[in-house]
Amino acid sequence: MLCTHLTPPAVRCAHPLAERVLRAGAPVVLGDAAADAGDARVGAFAGFPLRGADGAVRGAFCAVDARPRAWSPAELETLEDLAALAATATGQMRAEAHYSRLVATSPFIIYVVDAAGEFVEINPAGERLLERPATELLGTHFAHILAPHSQAVAQQAFVDVLSGATNDVQVDLEVVNASGGHRWLAVSASAVRWGQSITGVHGIARDITQERIAAETLRESEEKFQQLAGNVREVFWIFSPDFSRTIYVSPAYERVWGQSLEEVYRDPHSFLASVHPDDRDRLAQAMSTLGEVPVREIEYRVVRPDGGVRWVWSRGFPVLDAEGIMYRLVGTTEDVTERKEAEAAIRATQRRQQQVLDALPVGVVLADAGGELVWHNPEGDRIWGGVRRVSLDGYGEYKGWWTESGEPIQAHEWGMARALRGEPSAGELVDLQGFDGVRRTVRHSGAPLRGEQGEVTGALIVLEDVTEAREQETQRRLLAAALEGLSDGVCLATEEGEIVYANRAFADILGFDSGAGNSLSFADFASGAEMQKEIDDALRAVRELGSWTGRVRRRRLVDGRTIPVEARLGRVEQGTHRRGLLFGIIRDITAQVSAEQHLRRAERLASLGTLLGGVAHELNNPLSAVLGFADILLMDERPAEEREDLRTIRREAERMAKIVSDLRLLARDTQEGASAARERVDLNDIVAHVVRTRQYSLRTRNVELHTDLASELPFVRGDRGQIEQVLLNLVVNAEQALMSVPGERRLILRTRATATGASLHVVDNGPGIPVHLLERIFDPFFTTKAPGEGTGLGLSLVHSIVSEHGGEIRVDSEAGAGAAFRIDLPRADAAFAAPAAAQPGAAAGTALRILVVDDEDSVRRVVSRFLRGRGHHVDEASDGRAALDLLESTRHAAPFDVIVSDLRMPGLGGDELLTRLREAGDGMDRRLVFFSGDTASAEAARVLGASRVPVLAKPISLSELARAVESMQDHPGED
């Protein structure tokens, strides 16, 4: 291994034994350096001083062998000759010392490595970037400062240059400095030649870390600049102050100028000859004044030998010696062709964009980050009647109102102000007062403009003048709203009957989604040839006569039902060149037809109601006797079987009474049941009773009956008779439905406790109820039975009774799957226990004198017998006249405590009896109690309402009778 040691500090030898040669000024020859000098790193060493022309020692020439050995005279002679040659080189090195300041002040790393890849020279820029002193770097292999992924790249470049495969290379390498930081360098490497041999590599490294970061960012944000940023390579050059001598030009020159480095080294001004003629004088002028300013920058064009023109940007500055005299010019030249082309493209794009923006039918306004309006297109100027370029504080000059609310827009509410706060807006309708005095309705949108770091750099506003469109839309919406608000169905159709528009009422009437109207035709609503013929006839009439009106039936798409409609068709004229349209108007007259039918039915029921009212009155009298005598018979001790028979007689009589009451109520359209007395009712007991009454009928119809009754069922609050009627109606309906089922017929009655009371379930496996009919089964007069088989009142009455009881009825059914009715009734609270009724068989506390007035002998007998059984003194009268005579004949005896009178009687009725008692003025009118079999009639209601007299409905409950009569002892009626 050979090396030189130079006295100047710019270059240091890697072998400290050379220092002995320098100090001795004479040759030092060691066969075993480790033994002679204590240096274990070296085997044999031979060193010779290098002297300059003045005889002064300028350095040392050293030869080193790794193993100890003896130096032959021939070897020493050869080394001495080499030292002489090295001395000459040392003189040249001395001359180069003048460039050390340039190297030391260069912003780029200048380095030299030997053939082993170890640094032998590096300038201060390298020390600063690598954060290591030269003493640490010298003798260190270049791989030690590289990131792992760059080591192979650097090694390959080093081998290519060292082997002579290429004159120079340029690579980007990532280095790791002493603090662990990573930097990227653009490294040029050229061979260091000694004669014909390559002894090492030298070059320049430029820190391109920020460039790489910028290039990466640029690639991400602007793809069209990626290739430009990735291919930028600067030319580093060093010239003499007058450009008469080329000191150094980096290899990138060949890529930019398209000329060889040899040419610019041979003729320093050859690069100037390649400058575009239009730029040459300007560049020459800048070159001549380069030393007058710290930094000179200039752009110009280079014409390559192949005719290609490249734009370059040069930056140069003078290098001064210790005396302040310029002795070098240093600089860089960067190929900016792509940037110039991109700038030209951007300018062209901007021109096109400007033309587009100027031609847009919407207004565009731009503001900078401070809110100042900096640009607008012609439409924006027109909409505002002259845009005023004001700052954010001046937005108050702009006047506007929110279209929907009419509230004025405050300065901070403008879309531009909000966009500058980072808040976008879209499609807001505002009314603007232009500076030309015109008020316009505008669709207003705003968006913030952001920089690379996400900061708001400005704002964009887009304004669309929708004044005319808004007015047209308003008219259209009013028309559409009017059409959509009509109860009549309206449609537009082609002459062939294809529907192109249908309002909501049209869709509702014919049972389809209004959004699907334009895919339907009139024919879709016909079921059968007859309906289709009606449609064809109507379309023919419109074509021939211009319009058609009639009443037809149409099929609803949603459920297949046919409904009656009143329809009108007419022609819509649209000009001679446009396809003709038809308008259609329909009205659902189902309710009208139903009302007509109901009117006819009501007329029939009116006469039936009159008959039922009289029948009810006549039936209630014998029912009163049956119930009364049954109660009296039950007061006596009898065998269990007889008592059960009597209870059955009584219960069936009560049911008959309830049926009579319901018939009367339905016929006369009253709701007497709403005020019926409520009591604690056991649903299990009601189920058991209904089962007893219907089990024979069910058995003979082969219906299998199952009961599933809850063991601890809470009482519910209600009218026992009405609840029995509800269950009976549901059982009878189920029984009738099951008759159409072949095979097994099953009916289940179930009770369950609920959180709020109890529920009653009636479940059958009959034919079920179609889903589209479930909503109508509780409607009055609605029935699925054949004509003459049902009135449509049963389920309506059930629903009414359940609702009056504060309950709820639900049904779960579908065609072919049976039906399940569920009734939920509220719990009867303990405090709700009915007032203690007078026990029919118990004696009253005080014997009263009572007058019973009724034209029915059986009623008088049962009432009198009952009251006498309670210990009272009872007299009887067959009508009001007989009662007055009896009162007159007993005037001087003890007065009657209570008078119990029927309301309607032949001759003098109960109402006239009350009038006579009041006229007598002896207070007997306040001791009167009415009972009547016709409390629901309008006449009875009028009389009873005006009389303020207690009234008991027939058939009479003996318990209620006892309570009403005996309460008169302490609380007689009042005026």
# chains A, B, ... in the order shown; residues from 1 in each chain; ligands from 1
>>> select_by_dssp(residues="region 347-428 of chain A", states="alpha helix (DSSP H)", output="count of residues only")
26
>>> select_by_dssp(residues="region 256-476 of chain A", states="strand (DSSP E or B)", output="count of residues only")
77
>>> residues_around(residues="Gly371 (chain A)", least_positions_apart="5", cutoff="9 Å", atoms="only C-alpha atoms", output="ChimeraX atom specification")
/A:366,390-393,416-417,420,458-459
>>> residues_around(residues="Ala411 (chain A)", least_positions_apart="4", cutoff="8 Å", atoms="only C-alpha atoms", output="ChimeraX atom specification")
/A:395-396,398,417
>>> residues_around(residues="region 154-166 of chain A", least_positions_apart="2", cutoff="7 Å", atoms="only C-alpha atoms", output="list in words")
Ser150, Gln151, Ala152, Asp168, Val169, Ser190, Ala191, Ile198, Gly200 and Val201 of chain A
>>> residues_around(residues="Thr78 (chain A)", least_positions_apart="5", cutoff="12 Å", atoms="only C-alpha atoms", output="MDAnalysis selection string")
chainID A and resid 46 48 61 63 71:73 83:85
>>> closest_residue(among="A:Asp114, A:Glu534, A:Glu299, A:Glu919", to="Thr337 (chain A)", atoms="only C-alpha atoms")
A:Glu299
>>> residues_around(residues="region 351-365 of chain A", least_positions_apart="2", cutoff="7 Å", atoms="only C-alpha atoms", output="list in words")
Arg347, Ala348, Thr349, Ala367, Trp375, His376, Asn377, Pro378, Glu379, Gly380, Leu460, Ile461, Val462, Leu463 and Glu464 of chain A
>>> write_last_selection(atoms="N, CA, C and O atoms", output="mmCIF file, in the first residue's frame")
data_model
loop_
_atom_site.group_PDB
_atom_site.id
_atom_site.type_symbol
_atom_site.label_atom_id
_atom_site.label_comp_id
_atom_site.auth_asym_id
_atom_site.auth_seq_id
_atom_site.Cartn_x
_atom_site.Cartn_y
_atom_site.Cartn_z
ATOM 1 N N ARG A 347 -50.589 28.120 -17.736
ATOM 2 C CA ARG A 347 -51.113 29.391 -18.256
ATOM 3 C C ARG A 347 -52.168 29.139 -19.336
ATOM 4 O O ARG A 347 -53.199 29.817 -19.377
ATOM 5 N N ALA A 348 -51.894 28.138 -20.193
ATOM 6 C CA ALA A 348 -52.885 27.810 -21.222
ATOM 7 C C ALA A 348 -54.166 27.287 -20.583
ATOM 8 O O ALA A 348 -55.276 27.637 -20.994
ATOM 9 N N THR A 349 -53.992 26.418 -19.545
ATOM 10 C CA THR A 349 -55.167 25.889 -18.844
ATOM 11 C C THR A 349 -55.934 27.013 -18.165
ATOM 12 O O THR A 349 -57.169 27.044 -18.179
ATOM 13 N N ALA A 367 -62.600 34.732 -3.114
ATOM 14 C CA ALA A 367 -62.062 35.616 -2.078
ATOM 15 C C ALA A 367 -60.762 35.022 -1.577
ATOM 16 O O ALA A 367 -60.560 33.798 -1.601
ATOM 17 N N TRP A 375 -61.940 38.112 -7.361
ATOM 18 C CA TRP A 375 -62.246 37.788 -8.758
ATOM 19 C C TRP A 375 -63.699 37.347 -8.850
ATOM 20 O O TRP A 375 -64.248 36.764 -7.923
ATOM 21 N N HIS A 376 -64.308 37.625 -10.006
ATOM 22 C CA HIS A 376 -65.652 37.143 -10.285
ATOM 23 C C HIS A 376 -65.823 37.050 -11.790
ATOM 24 O O HIS A 376 -65.138 37.740 -12.554
ATOM 25 N N ASN A 377 -66.702 36.177 -12.227
ATOM 26 C CA ASN A 377 -66.965 36.057 -13.661
ATOM 27 C C ASN A 377 -68.128 36.980 -14.040
ATOM 28 O O ASN A 377 -68.783 37.565 -13.172
ATOM 29 N N PRO A 378 -68.388 37.124 -15.338
ATOM 30 C CA PRO A 378 -69.448 38.075 -15.759
ATOM 31 C C PRO A 378 -70.827 37.761 -15.178
ATOM 32 O O PRO A 378 -71.582 38.668 -14.837
ATOM 33 N N GLU A 379 -71.184 36.462 -15.078
ATOM 34 C CA GLU A 379 -72.499 36.123 -14.547
ATOM 35 C C GLU A 379 -72.617 36.526 -13.079
ATOM 36 O O GLU A 379 -73.669 36.982 -12.627
ATOM 37 N N GLY A 380 -71.519 36.351 -12.320
ATOM 38 C CA GLY A 380 -71.538 36.788 -10.932
ATOM 39 C C GLY A 380 -71.731 38.292 -10.835
ATOM 40 O O GLY A 380 -72.436 38.788 -9.953
ATOM 41 N N LEU A 460 -64.635 29.996 -2.379
ATOM 42 C CA LEU A 460 -65.296 30.024 -3.681
ATOM 43 C C LEU A 460 -66.802 30.044 -3.464
ATOM 44 O O LEU A 460 -67.317 29.275 -2.666
ATOM 45 N N ILE A 461 -67.490 30.918 -4.182
ATOM 46 C CA ILE A 461 -68.948 30.988 -4.112
ATOM 47 C C ILE A 461 -69.501 30.788 -5.519
ATOM 48 O O ILE A 461 -68.999 31.376 -6.483
ATOM 49 N N VAL A 462 -70.524 29.933 -5.627
ATOM 50 C CA VAL A 462 -71.221 29.707 -6.895
ATOM 51 C C VAL A 462 -72.666 30.177 -6.729
ATOM 52 O O VAL A 462 -73.348 29.788 -5.777
ATOM 53 N N LEU A 463 -73.118 31.022 -7.663
ATOM 54 C CA LEU A 463 -74.452 31.612 -7.609
ATOM 55 C C LEU A 463 -75.222 31.218 -8.869
ATOM 56 O O LEU A 463 -74.741 31.441 -9.984
ATOM 57 N N GLU A 464 -76.375 30.620 -8.679
ATOM 58 C CA GLU A 464 -77.239 30.262 -9.813
ATOM 59 C C GLU A 464 -78.538 31.047 -9.708
ATOM 60 O O GLU A 464 -79.275 30.921 -8.728
#
>>> atom_distance(atom1="CA of Thr751 (chain A)", atom2="CA of Leu797 (chain A)")
21.1 Å
>>> atom_distance(atom1="CA of Val120 (chain A)", atom2="CA of Gly139 (chain A)")
6.4 Å
>>> closest_atom_pairs(of="region 699-729 of chain A", to="region 754-758 of chain A", cutoff="7 Å", atoms="only C-alpha atoms", output="CSV")
residue,atom,partner,partner_atom,distance
A:Leu713,CA,A:Ala758,CA,6.8
A:Pro714,CA,A:Gly757,CA,6.4
A:Val716,CA,A:Gly757,CA,6.3
>>> write_last_selection(atoms="N, CA, C and O atoms", output="compact mmCIF listing (two decimals), in the first residue's frame")
# COMPACT_ATOMS: atom_id res chain seq x y z
N LEU A 713 -107.34 -16.58 38.00
CA LEU A 713 -107.67 -15.49 37.08
C LEU A 713 -108.24 -14.31 37.86
O LEU A 713 -109.18 -14.47 38.63
N PRO A 714 -107.69 -13.12 37.70
CA PRO A 714 -108.25 -11.96 38.40
C PRO A 714 -109.62 -11.59 37.84
O PRO A 714 -109.94 -11.84 36.69
N VAL A 716 -112.41 -9.13 36.37
CA VAL A 716 -112.39 -7.96 35.50
C VAL A 716 -113.60 -7.10 35.83
O VAL A 716 -114.57 -7.57 36.44
>>> atom_distance(atom1="CA of Leu728 (chain A)", atom2="CA of Arg647 (chain A)")
18.5 Å
>>> closest_residue(among="A:Arg717, A:Arg750, A:Arg128, A:Arg701", to="His805 (chain A)", atoms="only C-alpha atoms")
A:Arg717
